Structures are given as structure tokens and as C-alpha cells.
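A.B. asks: My structure is in entry.cif, and what it holds is mmCIF, C-alpha atoms:
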data_protein
loop_
_atom_site.group_PDB
_atom_site.id
_atom_site.type_symbol
_atom_site.label_atom_id
_atom_site.label_comp_id
_atom_site.auth_asym_id
_atom_site.auth_seq_id
_atom_site.Cartn_x
_atom_site.Cartn_y
_atom_site.Cartn_z
ATOM 1 C CA GLY A 141 -7.944 -40.343 -40.426
ATOM 2 C CA MET A 142 -11.265 -39.570 -38.729
ATOM 3 C CA TYR A 143 -13.827 -37.021 -39.943
ATOM 4 C CA PHE A 144 -16.689 -35.683 -37.821
ATOM 5 C CA ASP A 145 -20.117 -34.306 -38.678
ATOM 6 C CA ALA A 146 -19.870 -32.035 -35.634
ATOM 7 C CA VAL A 147 -17.558 -31.364 -32.721
ATOM 8 C CA CYS A 148 -19.184 -29.764 -29.668
ATOM 9 C CA GLU A 149 -16.830 -28.024 -27.234
ATOM 10 C CA PHE A 150 -18.550 -27.558 -23.860
ATOM 11 C CA ILE A 151 -15.440 -27.243 -21.686
ATOM 12 C CA GLY A 152 -13.179 -24.846 -23.585
ATOM 13 C CA PHE A 153 -12.478 -22.070 -21.110
ATOM 14 C CA VAL A 154 -9.218 -20.504 -22.310
ATOM 15 C CA PRO A 155 -7.867 -19.652 -25.771
ATOM 16 C CA GLU A 156 -5.197 -22.360 -25.619
ATOM 17 C CA GLN A 157 -7.913 -25.000 -25.506
ATOM 18 C CA VAL A 158 -9.742 -23.781 -28.611
ATOM 19 C CA GLU A 159 -6.440 -23.179 -30.408
ATOM 20 C CA ARG A 160 -5.676 -26.851 -29.769
ATOM 21 C CA ASP A 161 -9.117 -27.791 -31.040
ATOM 22 C CA TYR A 162 -8.542 -25.780 -34.199
ATOM 23 C CA ARG A 163 -5.305 -27.659 -34.850
ATOM 24 C CA LEU A 164 -7.011 -31.012 -34.188
ATOM 25 C CA PHE A 165 -10.244 -30.432 -36.108
ATOM 26 C CA LYS A 166 -9.475 -28.085 -38.999
ATOM 27 C CA ASP A 167 -10.372 -29.937 -42.181
ATOM 28 C CA LYS A 168 -11.762 -32.789 -40.023
ATOM 29 C CA THR A 169 -15.275 -31.594 -39.172
ATOM 30 C CA LYS A 170 -18.274 -30.101 -40.918
ATOM 31 C CA GLN A 171 -19.101 -28.012 -37.852
ATOM 32 C CA TYR A 172 -17.415 -26.985 -34.615
ATOM 33 C CA ILE A 173 -19.852 -25.716 -31.988
ATOM 34 C CA TYR A 174 -18.288 -23.688 -29.193
ATOM 35 C CA ILE A 175 -20.236 -23.211 -25.980
ATOM 36 C CA SER A 176 -19.449 -19.723 -24.759
ATOM 37 C CA SER A 177 -21.537 -17.879 -22.184
ATOM 38 C CA ALA A 178 -24.146 -15.143 -21.974
ATOM 39 C CA SER A 179 -21.894 -13.710 -19.251
ATOM 40 C CA ALA A 180 -19.682 -12.467 -22.102
ATOM 41 C CA TYR A 181 -22.236 -9.783 -22.995
ATOM 42 C CA HIS A 182 -21.400 -6.182 -22.165
ATOM 43 C CA LYS A 183 -21.225 -5.319 -18.475
ATOM 44 C CA PRO A 184 -22.478 -3.127 -17.017
ATOM 45 C CA VAL A 185 -25.638 -3.855 -18.952
ATOM 46 C CA ARG A 186 -26.619 -0.990 -21.245
ATOM 47 C CA ASP A 187 -30.095 -2.400 -21.890
ATOM 48 C CA TYR A 188 -31.856 -5.282 -20.168
ATOM 49 C CA ARG A 189 -32.752 -6.643 -23.615
ATOM 50 C CA ILE A 190 -29.773 -8.658 -24.776
ATOM 51 C CA SER A 191 -29.390 -10.251 -28.190
ATOM 52 C CA GLU A 192 -26.606 -11.826 -30.199
ATOM 53 C CA ALA A 193 -25.847 -8.312 -31.493
ATOM 54 C CA THR A 194 -25.062 -7.018 -27.981
ATOM 55 C CA THR A 195 -21.368 -6.220 -27.706
ATOM 56 C CA LEU A 196 -19.094 -8.519 -25.739
ATOM 57 C CA ALA A 197 -17.206 -6.998 -22.814
ATOM 58 C CA ASN A 198 -17.090 -8.058 -19.187
ATOM 59 C CA PRO A 199 -14.369 -6.351 -17.146
ATOM 60 C CA TYR A 200 -15.599 -7.989 -13.937
ATOM 61 C CA TRP A 201 -15.172 -11.706 -14.549
ATOM 62 C CA GLU A 202 -12.065 -13.377 -15.964
ATOM 63 C CA TYR A 203 -14.133 -16.412 -16.987
ATOM 64 C CA SER A 204 -16.180 -14.194 -19.316
ATOM 65 C CA ARG A 205 -13.134 -12.397 -20.703
ATOM 66 C CA LYS A 206 -11.524 -15.756 -21.565
ATOM 67 C CA LYS A 207 -14.736 -16.919 -23.275
ATOM 68 C CA ILE A 208 -14.665 -13.716 -25.358
ATOM 69 C CA GLU A 209 -11.039 -14.391 -26.302
ATOM 70 C CA CYS A 210 -11.994 -17.923 -27.354
ATOM 71 C CA GLU A 211 -14.855 -16.602 -29.477
ATOM 72 C CA ASP A 212 -12.600 -13.982 -31.077
ATOM 73 C CA TYR A 213 -10.004 -16.585 -31.999
ATOM 74 C CA LEU A 214 -12.544 -19.015 -33.458
ATOM 75 C CA MET A 215 -14.310 -16.333 -35.489
ATOM 76 C CA LYS A 216 -10.936 -15.190 -36.807
ATOM 77 C CA MET A 217 -10.234 -18.776 -37.907
ATOM 78 C CA TYR A 218 -13.650 -18.809 -39.588
ATOM 79 C CA ARG A 219 -13.021 -15.536 -41.467
ATOM 80 C CA GLU A 220 -9.427 -16.303 -42.443
ATOM 81 C CA ASN A 221 -9.485 -20.083 -42.958
ATOM 82 C CA GLY A 222 -13.123 -21.103 -43.294
ATOM 83 C CA PHE A 223 -13.152 -23.011 -39.997
ATOM 84 C CA PRO A 224 -16.834 -24.026 -39.616
ATOM 85 C CA VAL A 225 -17.538 -22.564 -36.172
ATOM 86 C CA THR A 226 -20.891 -21.894 -34.537
ATOM 87 C CA ILE A 227 -20.922 -19.969 -31.241
ATOM 88 C CA VAL A 228 -23.572 -20.720 -28.604
ATOM 89 C CA ARG A 229 -24.098 -18.420 -25.616
ATOM 90 C CA PRO A 230 -26.283 -20.078 -22.993
ATOM 91 C CA SER A 231 -27.233 -18.436 -19.759
ATOM 92 C CA HIS A 232 -27.734 -20.208 -16.446
ATOM 93 C CA THR A 233 -28.887 -23.690 -17.497
ATOM 94 C CA TYR A 234 -30.396 -25.901 -14.832
ATOM 95 C CA ASP A 235 -32.018 -29.279 -14.212
ATOM 96 C CA LEU A 236 -33.232 -31.260 -11.216
ATOM 97 C CA ARG A 237 -29.671 -31.923 -10.026
ATOM 98 C CA ASN A 238 -28.166 -28.527 -10.874
ATOM 99 C CA VAL A 239 -30.542 -25.945 -9.457
ATOM 100 C CA PRO A 240 -30.094 -22.234 -10.199
ATOM 101 C CA LEU A 241 -28.316 -20.649 -7.257
ATOM 102 C CA ALA A 242 -26.265 -17.480 -6.997
ATOM 103 C CA VAL A 243 -23.748 -18.983 -4.596
ATOM 104 C CA ARG A 244 -23.083 -22.651 -3.955
ATOM 105 C CA GLY A 245 -21.719 -24.185 -0.801
ATOM 106 C CA ASN A 246 -18.503 -26.176 -0.560
ATOM 107 C CA ASN A 247 -20.539 -29.321 -1.261
ATOM 108 C CA GLY A 248 -22.578 -27.850 -4.120
ATOM 109 C CA SER A 249 -26.212 -26.809 -4.355
ATOM 110 C CA TRP A 250 -27.680 -29.243 -1.895
ATOM 111 C CA GLN A 251 -26.279 -27.702 1.267
ATOM 112 C CA VAL A 252 -27.758 -24.334 0.213
ATOM 113 C CA LEU A 253 -31.120 -25.962 -0.441
ATOM 114 C CA LYS A 254 -30.928 -27.646 2.971
ATOM 115 C CA ARG A 255 -30.344 -24.256 4.592
ATOM 116 C CA MET A 256 -33.409 -22.906 2.807
ATOM 117 C CA LEU A 257 -35.543 -25.881 3.885
ATOM 118 C CA ASP A 258 -34.322 -25.395 7.456
ATOM 119 C CA GLY A 259 -35.378 -21.713 7.319
ATOM 120 C CA LYS A 260 -31.783 -20.466 7.487
ATOM 121 C CA SER A 261 -30.437 -17.509 5.540
ATOM 122 C CA VAL A 262 -28.589 -17.912 2.228
ATOM 123 C CA ILE A 263 -26.544 -15.542 0.095
ATOM 124 C CA ILE A 264 -28.336 -13.878 -2.824
ATOM 125 C CA HIS A 265 -26.810 -11.491 -5.386
ATOM 126 C CA GLY A 266 -27.109 -7.839 -4.377
ATOM 127 C CA ASP A 267 -30.503 -7.118 -2.871
ATOM 128 C CA GLY A 268 -32.165 -9.951 -4.805
ATOM 129 C CA THR A 269 -33.866 -7.689 -7.342
ATOM 130 C CA SER A 270 -31.333 -7.909 -10.182
ATOM 131 C CA LEU A 271 -32.607 -9.702 -13.275
ATOM 132 C CA TRP A 272 -31.307 -13.104 -14.323
ATOM 133 C CA THR A 273 -32.185 -15.571 -17.039
ATOM 134 C CA ILE A 274 -32.384 -19.268 -16.310
ATOM 135 C CA THR A 275 -32.959 -21.963 -18.918
ATOM 136 C CA TRP A 276 -34.279 -25.480 -18.370
ATOM 137 C CA ASN A 277 -31.812 -28.034 -19.771
ATOM 138 C CA GLU A 278 -34.364 -29.674 -22.090
ATOM 139 C CA ASP A 279 -35.198 -26.293 -23.649
ATOM 140 C CA PHE A 280 -31.499 -25.702 -24.236
ATOM 141 C CA ALA A 281 -31.168 -29.157 -25.806
ATOM 142 C CA LYS A 282 -34.030 -28.570 -28.282
ATOM 143 C CA ALA A 283 -32.447 -25.357 -29.549
ATOM 144 C CA PHE A 284 -28.952 -26.850 -29.572
ATOM 145 C CA ILE A 285 -30.061 -29.828 -31.668
ATOM 146 C CA GLY A 286 -31.460 -27.375 -34.217
ATOM 147 C CA LEU A 287 -27.960 -25.981 -34.754
ATOM 148 C CA LEU A 288 -26.263 -29.344 -35.276
ATOM 149 C CA GLY A 289 -25.605 -29.960 -38.958
ATOM 150 C CA ASN A 290 -27.245 -26.666 -39.898
ATOM 151 C CA PRO A 291 -25.082 -24.991 -42.564
ATOM 152 C CA HIS A 292 -26.814 -21.639 -41.905
ATOM 153 C CA ALA A 293 -25.416 -21.696 -38.353
ATOM 154 C CA ILE A 294 -21.777 -21.662 -39.527
ATOM 155 C CA GLY A 295 -20.046 -18.381 -38.737
ATOM 156 C CA GLU A 296 -22.901 -17.249 -36.496
ATOM 157 C CA ALA A 297 -23.490 -16.782 -32.776
ATOM 158 C CA PHE A 298 -26.690 -17.829 -31.024
ATOM 159 C CA GLN A 299 -27.885 -17.277 -27.516
ATOM 160 C CA ILE A 300 -29.908 -20.109 -26.096
ATOM 161 C CA THR A 301 -31.739 -18.719 -23.110
ATOM 162 C CA SER A 302 -35.224 -18.441 -21.755
ATOM 163 C CA ASP A 303 -37.280 -15.470 -22.924
ATOM 164 C CA GLU A 304 -38.133 -14.688 -19.327
ATOM 165 C CA SER A 305 -36.046 -12.602 -16.938
ATOM 166 C CA VAL A 306 -36.610 -13.122 -13.228
ATOM 167 C CA THR A 307 -35.088 -11.661 -10.096
ATOM 168 C CA TRP A 308 -32.890 -13.691 -7.787
ATOM 169 C CA ASN A 309 -35.587 -13.293 -5.138
ATOM 170 C CA GLN A 310 -38.083 -14.950 -7.521
ATOM 171 C CA ILE A 311 -35.658 -17.789 -8.258
ATOM 172 C CA TYR A 312 -35.081 -18.479 -4.574
ATOM 173 C CA GLN A 313 -38.797 -18.331 -3.807
ATOM 174 C CA SER A 314 -39.625 -20.945 -6.475
#
Will you turn the file into C-alpha cells for me?
C.D. replies:
Amino acid sequence: GMYFDAVCEFIGFVPEQVERDYRLFKDKTKQYIYISSASAYHKPVRDYRISEATTLANPYWEYSRKKIECEDYLMKMYRENGFPVTIVRPSHTYDLRNVPLAVRGNNGSWQVLKRMLDGKSVIIHGDGTSLWTITWNEDFAKAFIGLLGNPHAIGEAFQITSDESVTWNQIYQS
């Protein structure tokens, strides 16, 4: 008997999870926001400039392929049944406790940071010159809040990322 202004799905990783959400929330919410991932964009990258119009295809990472499947299902439910979905594709979002690293240790980010502080080597993607986009959590939150309750966001996909691309070497030197 409950009805929701918005449902925000941050931990839906496989189609079965969003299919369950559809069954639970169809006709029970004004908006369903699905957090996908910028990793779903086409790989290998055809152009370093990526927008919501960039095709989705990532043959390298199952996580990304599952996110694409989730998006496809939800958009199908929108087109066929009017399910009020909004897709959000963030990139690497970070804060003071979740720092942007390419590879984490068994105990998370902190053991990698300790290695860096101790002058020890750490693993970086490729040769460190590939571009990456990181987004401060508060910047993500401001954009995300703008989508909540916004009827123009229904049936649309939005990337919430920084406008700046940096190399992994730059990230690790910061």
C-alpha cells in the first residue's frame, strides 16, 4: 500500500535485481533512478569525448555488460509500460574515505596509500597515461538531486562526471 516519490537503485548489478525492482515498484513510484556506470560506454573508446549519446558496449568487463543489460531492460519497461526510469551513469566517484585508485589492496585503499607514503611502488593502469574521469562525491550529489522529482528526466540517461579528464599518473601524484 505504499507509494514513493522516487526509488534510487544504487546497488543493482544484474538484470534479475532490476527485474525484481520493476515488479515491486511498477505503479508505486513517480520515478525510479537506476545508477549504472560510465564504464558501460563503448570500449575501446572511439573518441575521448564521451556523452550520453555514446553507444554502450564493453566486451572487457562483465560488470559493465550487466549494467548495460539492466539499462536495456529498464528502458524497455519504460517504452512498453511507462515505467518512470531515469538512468544515471557516474564515473569514478570519490571522497575523503574512498580515494580514486586503480587497484586496491586486500584491505582497501589505505594500504595502497600507506605504500605511497612509504615511497614504495604501487600498481597503476597501463603506463599511467590513460585518461580517467573522477568526480567528487558532493558534485555528484548536486547533479543527482537535480534529477530527483524532475519529470523531464524520465526516460532519459544522464552521465554525472567531472568535465576534466586526467591521467592515472596525475591522480596518483595528487
A.B. asks: Sorted by chain and rising residue number, list the residues of range 203-223 of chain A at most 7 Å from range 153-169 of chain A (counting only C-alpha atoms), each with its closest atom pair and distance in Å to one decimal, as a tab-separated table.
C.D. replies:
residue	atom	partner	partner_atom	distance
A:Lys206	CA	A:Val154	CA	5.3
A:Lys207	CA	A:Phe153	CA	6.0
A:Glu209	CA	A:Pro155	CA	6.2
A:Cys210	CA	A:Pro155	CA	4.7
A:Phe223	CA	A:Lys166	CA	6.3
A.B. asks: Using all atoms listed in the file, I'd like a table of the residues in range 141-231 of chain A that come within 10 Å of range 290-298 of chain A; for each, show the closest atom pair and its distance in Å rounded to one decimal, ordered by chain and ascending number, as JSON lines.
C.D. replies:
{"residue": "A:Lys170", "atom": "CA", "partner": "A:Pro291", "partner_atom": "CA", "distance": 8.7}
{"residue": "A:Gln171", "atom": "CA", "partner": "A:Ile294", "partner_atom": "CA", "distance": 7.1}
{"residue": "A:Tyr172", "atom": "CA", "partner": "A:Ile294", "partner_atom": "CA", "distance": 8.5}
{"residue": "A:Ile173", "atom": "CA", "partner": "A:Ile294", "partner_atom": "CA", "distance": 8.8}
{"residue": "A:Tyr174", "atom": "CA", "partner": "A:Ala297", "partner_atom": "CA", "distance": 9.4}
{"residue": "A:Ile175", "atom": "CA", "partner": "A:Phe298", "partner_atom": "CA", "distance": 9.8}
{"residue": "A:Ser176", "atom": "CA", "partner": "A:Ala297", "partner_atom": "CA", "distance": 9.4}
{"residue": "A:Ala178", "atom": "CA", "partner": "A:Phe298", "partner_atom": "CA", "distance": 9.8}
{"residue": "A:Ser191", "atom": "CA", "partner": "A:Phe298", "partner_atom": "CA", "distance": 8.5}
{"residue": "A:Glu192", "atom": "CA", "partner": "A:Phe298", "partner_atom": "CA", "distance": 6.1}
{"residue": "A:Ala193", "atom": "CA", "partner": "A:Ala297", "partner_atom": "CA", "distance": 8.9}
{"residue": "A:Glu211", "atom": "CA", "partner": "A:Ala297", "partner_atom": "CA", "distance": 9.2}
{"residue": "A:Leu214", "atom": "CA", "partner": "A:Gly295", "partner_atom": "CA", "distance": 9.2}
{"residue": "A:Met215", "atom": "CA", "partner": "A:Gly295", "partner_atom": "CA", "distance": 6.9}
{"residue": "A:Lys216", "atom": "CA", "partner": "A:Gly295", "partner_atom": "CA", "distance": 9.8}
{"residue": "A:Met217", "atom": "CA", "partner": "A:Gly295", "partner_atom": "CA", "distance": 9.9}
{"residue": "A:Tyr218", "atom": "CA", "partner": "A:Gly295", "partner_atom": "CA", "distance": 6.5}
{"residue": "A:Arg219", "atom": "CA", "partner": "A:Gly295", "partner_atom": "CA", "distance": 8.1}
{"residue": "A:Gly222", "atom": "CA", "partner": "A:Gly295", "partner_atom": "CA", "distance": 8.7}
{"residue": "A:Phe223", "atom": "CA", "partner": "A:Gly295", "partner_atom": "CA", "distance": 8.4}
{"residue": "A:Pro224", "atom": "CA", "partner": "A:Ile294", "partner_atom": "CA", "distance": 5.5}
{"residue": "A:Val225", "atom": "CA", "partner": "A:Ile294", "partner_atom": "CA", "distance": 5.5}
{"residue": "A:Thr226", "atom": "CA", "partner": "A:Ile294", "partner_atom": "CA", "distance": 5.1}
{"residue": "A:Ile227", "atom": "CA", "partner": "A:Ala297", "partner_atom": "CA", "distance": 4.4}
{"residue": "A:Val228", "atom": "CA", "partner": "A:Phe298", "partner_atom": "CA", "distance": 4.9}
{"residue": "A:Arg229", "atom": "CA", "partner": "A:Phe298", "partner_atom": "CA", "distance": 6.0}
{"residue": "A:Pro230", "atom": "CA", "partner": "A:Phe298", "partner_atom": "CA", "distance": 8.3}
A.B. asks: Determine the residue membership of the PyMOL selection byres ((chain A and resi 200) around 12) for the file above and supply it as number ranges by chain.
C.D. replies: A: 179-185, 197-199, 201-206
A.B. asks: For the atom pair CA of Trp308 in chain A and CA of Thr273 in chain A, what is the interatomic distance in Å to one decimal place?
C.D. replies: 9.5 Å
A.B. asks: Provide an axis-aligned box for all listed atoms of range 145-163 of chain A, padding each side by 4 Å; report its centre and its edge lengths in Å to one decimal, as JSON.
C.D. replies:
{"center_x": -12.7, "center_y": -27.0, "center_z": -29.9, "size_x": 22.9, "size_y": 22.7, "size_z": 25.6}
A.B. asks: For the file shown, report as a list in words the outcome of the PyMOL selection byres ((chain A and resi 306) around 6) at residue level.
C.D. replies: Leu271, Trp272, Ser305 and Thr307 of chain A
A.B. asks: Please compute the CA of Thr233 in chain A-CA of Thr275 in chain A distance, one decimal, in Å.
C.D. replies: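 Answer for the CA of Thr233 in chain A to CA of Thr275 in chain A separation: 4.6 Å.
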A.B. asks: Kindly resolve the PyMOL selection byres ((chain A and resi 262) around 12) on the present coordinates and return the residues as a PDB file with C-alpha atoms, in the coordinates of the input.
C.D. replies:
ATOM      1  CA  LEU A 241     -28.316 -20.649  -7.257  1.00  0.00           C
ATOM      2  CA  ALA A 242     -26.265 -17.480  -6.997  1.00  0.00           C
ATOM      3  CA  VAL A 243     -23.748 -18.983  -4.596  1.00  0.00           C
ATOM      4  CA  ARG A 244     -23.083 -22.651  -3.955  1.00  0.00           C
ATOM      5  CA  GLY A 245     -21.719 -24.185  -0.801  1.00  0.00           C
ATOM      6  CA  SER A 249     -26.212 -26.809  -4.355  1.00  0.00           C
ATOM      7  CA  GLN A 251     -26.279 -27.702   1.267  1.00  0.00           C
ATOM      8  CA  VAL A 252     -27.758 -24.334   0.213  1.00  0.00           C
ATOM      9  CA  LEU A 253     -31.120 -25.962  -0.441  1.00  0.00           C
ATOM     10  CA  LYS A 254     -30.928 -27.646   2.971  1.00  0.00           C
ATOM     11  CA  ARG A 255     -30.344 -24.256   4.592  1.00  0.00           C
ATOM     12  CA  MET A 256     -33.409 -22.906   2.807  1.00  0.00           C
ATOM     13  CA  LEU A 257     -35.543 -25.881   3.885  1.00  0.00           C
ATOM     14  CA  ASP A 258     -34.322 -25.395   7.456  1.00  0.00           C
ATOM     15  CA  GLY A 259     -35.378 -21.713   7.319  1.00  0.00           C
ATOM     16  CA  LYS A 260     -31.783 -20.466   7.487  1.00  0.00           C
ATOM     17  CA  SER A 261     -30.437 -17.509   5.540  1.00  0.00           C
ATOM     18  CA  ILE A 263     -26.544 -15.542   0.095  1.00  0.00           C
ATOM     19  CA  ILE A 264     -28.336 -13.878  -2.824  1.00  0.00           C
ATOM     20  CA  HIS A 265     -26.810 -11.491  -5.386  1.00  0.00           C
ATOM     21  CA  GLY A 268     -32.165  -9.951  -4.805  1.00  0.00           C
ATOM     22  CA  TRP A 308     -32.890 -13.691  -7.787  1.00  0.00           C
ATOM     23  CA  ASN A 309     -35.587 -13.293  -5.138  1.00  0.00           C
ATOM     24  CA  TYR A 312     -35.081 -18.479  -4.574  1.00  0.00           C
ATOM     25  CA  GLN A 313     -38.797 -18.331  -3.807  1.00  0.00           C
TER      26      GLN A 313
END
A.B. asks: Could you tell me how far CA of Asn277 in chain A lies from CA of Leu236 in chain A, in Å and to one decimal?
C.D. replies: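 So the two atoms, CA of Asn277 in chain A and CA of Leu236 in chain A, lie 9.3 Å apart.
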A.B. asks: With all atoms listed in the file as the atoms that count, which of A:Leu287, A:Ile311, A:Met142, A:Ile151 lies nearest to Ser270 in chain A?
C.D. replies: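 Looking at the shortest contact to Ser270 in chain A, the residue is A:Ile311.
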